[in-house]
>>> print(open('input11.cif').read())   # mmCIF, C-alpha atoms
data_my_file
#
loop_
_atom_site.label_atom_id
_atom_site.label_comp_id
_atom_site.auth_asym_id
_atom_site.auth_seq_id
_atom_site.Cartn_x
_atom_site.Cartn_y
_atom_site.Cartn_z
CA MET A 7 -186.57 78.06 1.74
CA SER A 8 -184.34 74.99 2.21
CA GLU A 9 -184.96 71.78 0.32
CA PRO A 10 -187.57 69.50 1.93
CA ILE A 11 -186.44 66.44 3.88
CA ARG A 12 -186.72 63.48 1.52
CA VAL A 13 -188.50 60.47 3.04
CA VAL A 14 -188.90 56.87 1.85
CA LEU A 15 -191.62 54.63 3.34
CA VAL A 16 -191.05 50.89 3.74
CA ASP A 17 -193.99 48.82 4.98
CA ASP A 18 -195.75 45.78 3.56
CA GLN A 19 -199.18 47.29 4.27
CA GLN A 20 -200.21 49.68 1.51
CA MET A 21 -202.80 51.42 3.68
CA VAL A 22 -200.16 52.15 6.31
CA ARG A 23 -197.89 53.69 3.68
CA ALA A 24 -200.79 55.72 2.29
CA GLY A 25 -201.55 57.12 5.73
CA PHE A 26 -197.93 58.01 6.38
CA ARG A 27 -197.61 59.65 2.96
CA MET A 28 -200.70 61.78 3.52
CA VAL A 29 -199.38 63.08 6.84
CA ILE A 30 -195.81 63.64 5.62
CA ASP A 31 -196.74 65.32 2.34
CA SER A 32 -198.99 67.74 4.24
CA GLN A 33 -195.85 69.36 5.66
CA PRO A 34 -193.98 72.00 3.63
CA ASP A 35 -190.57 70.83 4.87
CA LEU A 36 -191.12 67.11 4.18
CA THR A 37 -191.73 65.08 1.03
CA VAL A 38 -192.14 61.37 0.27
CA VAL A 39 -189.84 60.39 -2.60
CA GLY A 40 -190.53 56.66 -2.69
CA GLU A 41 -192.28 53.64 -1.21
CA ALA A 42 -191.49 49.96 -0.92
CA GLY A 43 -193.50 46.98 0.32
CA ASP A 44 -190.54 44.82 1.37
CA GLY A 45 -186.90 45.17 2.35
CA GLY A 46 -185.40 43.94 -0.92
CA THR A 47 -187.36 46.44 -2.97
CA ALA A 48 -186.42 49.16 -0.49
CA VAL A 49 -182.70 48.49 -0.92
CA GLU A 50 -183.02 48.60 -4.70
CA LEU A 51 -185.03 51.83 -4.50
CA LEU A 52 -182.58 53.54 -2.16
CA ALA A 53 -179.61 52.52 -4.28
CA ARG A 54 -180.95 54.81 -7.01
CA THR A 55 -183.03 57.35 -5.06
CA ARG A 56 -181.57 60.01 -2.80
CA ALA A 57 -183.32 60.03 0.57
CA ASP A 58 -182.63 61.64 3.92
CA VAL A 59 -184.80 59.50 6.21
CA VAL A 60 -186.33 56.03 5.82
CA LEU A 61 -189.29 54.84 7.89
CA MET A 62 -188.65 51.10 8.01
CA ASP A 63 -191.05 48.45 9.28
CA VAL A 64 -189.13 45.59 10.88
CA ARG A 65 -191.38 42.63 10.07
CA MET A 66 -191.99 42.14 6.35
CA PRO A 67 -192.01 39.18 3.95
CA GLY A 68 -188.79 38.36 2.13
CA THR A 69 -186.01 40.67 3.24
CA ASP A 70 -187.09 41.97 6.63
CA GLY A 71 -186.49 45.45 7.99
CA ILE A 72 -183.39 44.47 9.95
CA GLU A 73 -181.50 43.07 6.97
CA ALA A 74 -182.76 45.94 4.80
CA THR A 75 -181.49 48.43 7.38
CA ARG A 76 -178.08 46.74 7.37
CA GLN A 77 -177.87 46.97 3.58
CA VAL A 78 -179.24 50.52 3.37
CA THR A 79 -176.84 51.91 5.98
CA ALA A 80 -173.96 50.33 4.03
CA LEU A 81 -174.79 52.40 0.94
CA PRO A 82 -172.65 55.42 0.01
CA GLU A 83 -174.08 58.48 1.80
CA PRO A 84 -176.82 56.40 3.44
CA PRO A 85 -180.06 57.88 4.76
CA LYS A 86 -180.98 57.78 8.44
CA VAL A 87 -183.26 54.84 9.24
CA VAL A 88 -186.11 55.06 11.73
CA VAL A 89 -187.44 51.63 12.67
CA LEU A 90 -191.20 51.26 13.07
CA THR A 91 -192.03 48.82 15.83
CA THR A 92 -194.53 47.67 18.42
CA PHE A 93 -194.05 46.70 22.05
CA ASP A 94 -194.17 42.99 21.22
CA LEU A 95 -191.17 43.25 18.90
CA ASP A 96 -188.51 44.45 21.35
CA GLU A 97 -185.91 41.98 20.11
CA TYR A 98 -186.27 43.44 16.63
CA VAL A 99 -185.46 46.90 17.96
CA VAL A 100 -182.18 45.69 19.48
CA ALA A 101 -181.25 43.92 16.26
CA ALA A 102 -182.20 46.93 14.14
CA ILE A 103 -180.01 49.24 16.23
CA GLY A 104 -177.15 46.84 15.71
CA ALA A 105 -177.89 46.89 11.98
CA GLY A 106 -177.49 50.67 11.88
CA ALA A 107 -180.88 52.23 12.65
CA SER A 108 -180.67 55.77 14.00
CA GLY A 109 -183.92 55.71 15.92
CA PHE A 110 -187.17 53.92 16.55
CA LEU A 111 -190.82 54.85 16.69
CA LEU A 112 -193.95 53.03 17.75
CA LYS A 113 -196.23 52.32 14.80
CA ASP A 114 -199.22 53.68 16.69
CA ALA A 115 -197.49 56.96 17.57
CA ALA A 116 -199.42 60.17 16.97
CA PRO A 117 -198.80 61.90 13.61
CA GLU A 118 -197.04 64.75 15.43
CA GLU A 119 -194.60 62.27 16.96
CA MET A 120 -193.83 60.75 13.58
CA LEU A 121 -193.21 64.14 12.00
CA GLY A 122 -191.04 65.16 14.92
CA ALA A 123 -189.10 61.91 14.67
CA ILE A 124 -188.29 62.49 11.01
CA ARG A 125 -187.10 66.04 11.66
CA THR A 126 -185.13 65.09 14.77
CA VAL A 127 -183.30 62.16 13.22
CA HIS A 128 -182.55 64.20 10.10
CA ALA A 129 -181.06 66.96 12.22
CA GLY A 130 -178.99 64.41 14.12
CA ASP A 131 -179.52 66.25 17.39
CA SER A 132 -181.33 63.62 19.41
CA VAL A 133 -182.49 60.13 19.87
CA ILE A 134 -186.18 60.51 19.12
CA ALA A 135 -187.16 62.47 22.21
CA ALA A 136 -190.80 61.60 22.64
CA SER A 137 -192.77 59.88 25.35
CA SER A 138 -192.75 56.69 23.31
CA THR A 139 -188.95 56.61 23.45
CA ARG A 140 -188.89 56.35 27.23
CA ARG A 141 -191.69 53.79 27.26
CA LEU A 142 -189.99 51.69 24.62
CA LEU A 143 -186.59 51.97 26.33
CA GLN A 144 -188.17 50.53 29.46
CA HIS A 145 -188.95 47.42 27.44
CA VAL A 146 -185.72 47.26 25.46
CA ALA A 147 -183.13 48.43 28.01
CA PRO A 148 -182.87 45.12 29.92
CA MET A 149 -181.93 43.43 26.63
CA LEU A 150 -179.18 45.94 25.86
CA ARG A 151 -177.01 45.00 28.82
CA GLY A 152 -175.86 41.83 27.11
CA ALA A 153 -176.82 42.58 23.53
CA ALA A 154 -174.29 41.99 20.78
CA VAL A 155 -174.73 45.44 19.27
CA ALA A 156 -171.92 46.85 17.19
CA THR A 157 -170.78 49.78 19.33
CA GLY A 158 -167.12 49.01 18.80
CA PRO A 159 -164.42 47.34 20.90
CA GLY A 160 -163.36 48.57 24.31
CA ASP A 161 -166.71 49.92 25.48
CA ASP A 162 -165.61 50.36 29.10
CA ARG A 163 -162.33 51.92 28.05
CA ALA A 164 -164.22 54.41 25.87
CA LEU A 165 -166.14 55.65 28.90
CA THR A 166 -162.92 56.44 30.77
CA GLU A 167 -162.15 59.06 28.13
CA LEU A 168 -165.24 61.06 29.09
CA THR A 169 -165.15 63.98 31.52
CA PRO A 170 -167.61 63.88 34.45
CA ARG A 171 -169.85 66.36 32.61
CA GLU A 172 -169.77 64.29 29.42
CA ARG A 173 -170.76 61.21 31.42
CA GLU A 174 -173.69 63.17 32.84
CA VAL A 175 -174.75 64.10 29.32
CA LEU A 176 -174.50 60.48 28.17
CA GLU A 177 -176.60 59.35 31.13
CA GLN A 178 -179.32 61.83 30.20
CA MET A 179 -179.16 60.74 26.56
CA ALA A 180 -179.67 57.16 27.70
CA LEU A 181 -182.77 58.20 29.62
CA GLY A 182 -184.30 59.48 26.37
CA ALA A 183 -183.74 63.18 27.04
CA SER A 184 -183.55 65.67 24.19
CA ASN A 185 -180.88 68.37 24.01
CA SER A 186 -183.24 70.98 25.44
CA GLU A 187 -184.21 68.64 28.30
CA ILE A 188 -180.55 67.93 29.07
CA ALA A 189 -179.81 71.66 29.04
CA ALA A 190 -182.59 72.31 31.55
CA HIS A 191 -181.47 69.42 33.76
CA LEU A 192 -177.83 70.56 33.85
CA PHE A 193 -178.58 74.31 33.87
CA VAL A 194 -176.51 74.97 30.74
CA SER A 195 -177.31 76.24 27.25
CA GLU A 196 -178.53 73.95 24.50
CA ALA A 197 -175.47 74.92 22.43
CA THR A 198 -173.25 73.68 25.26
CA VAL A 199 -175.15 70.40 25.31
CA LYS A 200 -174.65 69.97 21.57
CA THR A 201 -170.91 70.44 22.08
CA HIS A 202 -170.85 67.84 24.85
CA VAL A 203 -172.90 65.38 22.75
CA GLY A 204 -170.44 65.77 19.87
CA ARG A 205 -167.53 65.01 22.18
CA VAL A 206 -169.32 61.99 23.66
CA LEU A 207 -169.88 60.55 20.19
CA ALA A 208 -166.29 61.21 19.13
CA LYS A 209 -164.68 59.80 22.29
CA THR A 210 -166.84 56.66 22.38
CA GLY A 211 -166.61 56.05 18.65
CA SER A 212 -170.39 56.05 18.39
CA ARG A 213 -171.89 56.57 14.94
CA ASP A 214 -174.84 58.46 16.39
CA ARG A 215 -176.77 59.02 19.61
CA VAL A 216 -178.57 55.71 19.44
CA GLN A 217 -175.26 53.86 19.43
CA ALA A 218 -174.08 55.94 22.40
CA VAL A 219 -177.25 55.03 24.31
CA VAL A 220 -176.67 51.34 23.61
CA LEU A 221 -173.12 51.71 24.96
CA ALA A 222 -174.43 53.36 28.14
CA TYR A 223 -176.65 50.34 28.86
CA ARG A 224 -174.12 47.72 27.79
CA THR A 225 -171.49 49.11 30.14
CA GLY A 226 -173.89 49.57 33.04
CA LEU A 227 -173.48 53.36 33.12
CA VAL A 228 -177.29 53.48 33.12
CA ALA A 229 -179.50 50.65 34.34
CA PRO A 230 -183.09 49.87 33.26
CA ALA A 231 -184.23 50.77 36.78
CA ASP A 232 -183.03 54.33 36.18
CA LEU A 233 -185.67 54.70 33.47
CA LEU A 234 -188.42 53.75 35.88
CA ARG A 235 -187.14 56.16 38.51
CA ASP A 236 -186.80 58.97 35.97
CA ALA A 237 -190.25 58.44 34.40
#
>>> encode(input="input11.cif", output="structure tokens")
Amino acid sequence: MSEPIRVVLVDDQQMVRAGFRMVIDSQPDLTVVGEAGDGGTAVELLARTRADVVLMDVRMPGTDGIEATRQVTALPEPPKVVVLTTFDLDEYVVAAIGAGASGFLLKDAAPEEMLGAIRTVHAGDSVIAASSTRRLLQHVAPMLRGAAVATGPGDDRALTELTPREREVLEQMALGASNSEIAAHLFVSEATVKTHVGRVLAKTGSRDRVQAVVLAYRTGLVAPADLLRDA
């Protein structure tokens, strides 16, 4: 059996962390290796503790989740960061993505969604492909068009490097589709989709799928209205 995915919980509410820990530690392939009640403590913890995925609340006293995400993702061999948010904190989501978060999850998501998010982000195969992703994108997408998110220079030029099929794949990624959903939509195998996703990331200079999605909205390849039509 492979080594469990190592998770660190960062939230200023102890009861929230306790609930997350109980759910995560109930899974044979997941384990909580640390907790922190604020961003500063989280950075110190992760500087000395190996972790694969961090569940990071955005609004905390002292060092908030956005600054903590920026510092954590700058560490050598950094973990993937999943930002915990609510609908009334959309601007924090945009800032957290710019700071290096690899995904986001609603704090009131079902336990199954949280577990799936951890596994998905760790695998690197998808923006968190759950119903909450599409709902949250509907709120955040209008802000991405002009957001100063670090996707790299020459966004429009990067898109010209993509083949028509790769642009289709990026469009589906931006609509919150998982690899299996993209495969079904395009009538190709999931392995083929993974290949296309890898090429999209390489050609656009995107660190991960979240950054590629931000680029799709910033350049106008996908518009917020497309989410509503696709829902």
>>> resolve_selection(input="input11.cif", expression="the PyMOL selection byres ((chain A and resi 42) around 12)", output="JSON, numbers by chain")
{"A": [13, 14, 15, 16, 17, 18, 19, 20, 22, 23, 24, 38, 39, 40, 41, 43, 44, 45, 46, 47, 48, 49, 50, 51, 52, 55, 60, 61, 62, 63, 66, 67, 69, 70, 71, 74]}
>>> resolve_selection(input="input11.cif", expression="the PyMOL selection byres ((chain A and resi 198-210) around 7)", output="VMD selection string")
chain A and resid 164 to 165 167 to 168 172 175 185 189 194 to 197 211 to 214 218
>>> resolve_selection(input="input11.cif", expression="the PyMOL selection byres ((chain A and resi 103) around 10)", output="count of residues only")
24
>>> closest_residue(input="input11.cif", among="A:Arg54, A:Met120, A:Ile188, A:Met179", to="Leu81 of chain A", atoms="all atoms listed in the file")
A:Arg54
>>> closest_residue(input="input11.cif", among="A:Ala53, A:Leu111, A:Leu221, A:Met28", to="Pro84 of chain A", atoms="only C-alpha atoms")
A:Ala53
>>> atom_distance(input="input11.cif", atom1="atom CA of His128 of chain A", atom2="atom CA of Gln33 of chain A")
14.9 Å
>>> atom_distance(input="input11.cif", atom1="atom CA of Arg224 of chain A", atom2="atom CA of Glu174 of chain A")
16.3 Å
>>> atom_distance(input="input11.cif", atom1="atom CA of Ala123 of chain A", atom2="atom CA of Pro10 of chain A")
14.9 Å
>>> axis_aligned_box(input="input11.cif", around="segment 27-45 of chain A", padding_each_side="8 Å", output="AutoDock Vina command-line options")
--center_x -193.8 --center_y 58.4 --center_z 2.1 --size_x 29.8 --size_y 43.2 --size_z 25.5
>>> closest_residue(input="input11.cif", among="A:Thr37, A:Ala115, A:Val219, A:Arg171", to="Phe193 of chain A", atoms="all atoms listed in the file")
A:Arg171
>>> residues_around(input="input11.cif", residues="Gly130 of chain A", least_positions_apart="2", cutoff="9 Å", atoms="all atoms listed in the file", output="list in words")
Lys86, Ser108, Arg125, Thr126, Val127, His128, Ser132, Val133, Asp214 and Arg215 of chain A
>>> residues_near_point(input="input11.cif", point="(-194.9, 76.0, 5.2)", cutoff="12 Å", atoms="all atoms listed in the file", output="count of residues only")
10
>>> closest_residue(input="input11.cif", among="A:Ala229, A:Ala80, A:Arg173, A:Val29", to="Ala116 of chain A", atoms="only C-alpha atoms")
A:Val29
>>> residues_near_point(input="input11.cif", point="(-195.8, 59.1, 9.5)", cutoff="7 Å", atoms="only C-alpha atoms", output="PyMOL selection string")
chain A and resi 26-27+29-30+117+120-121
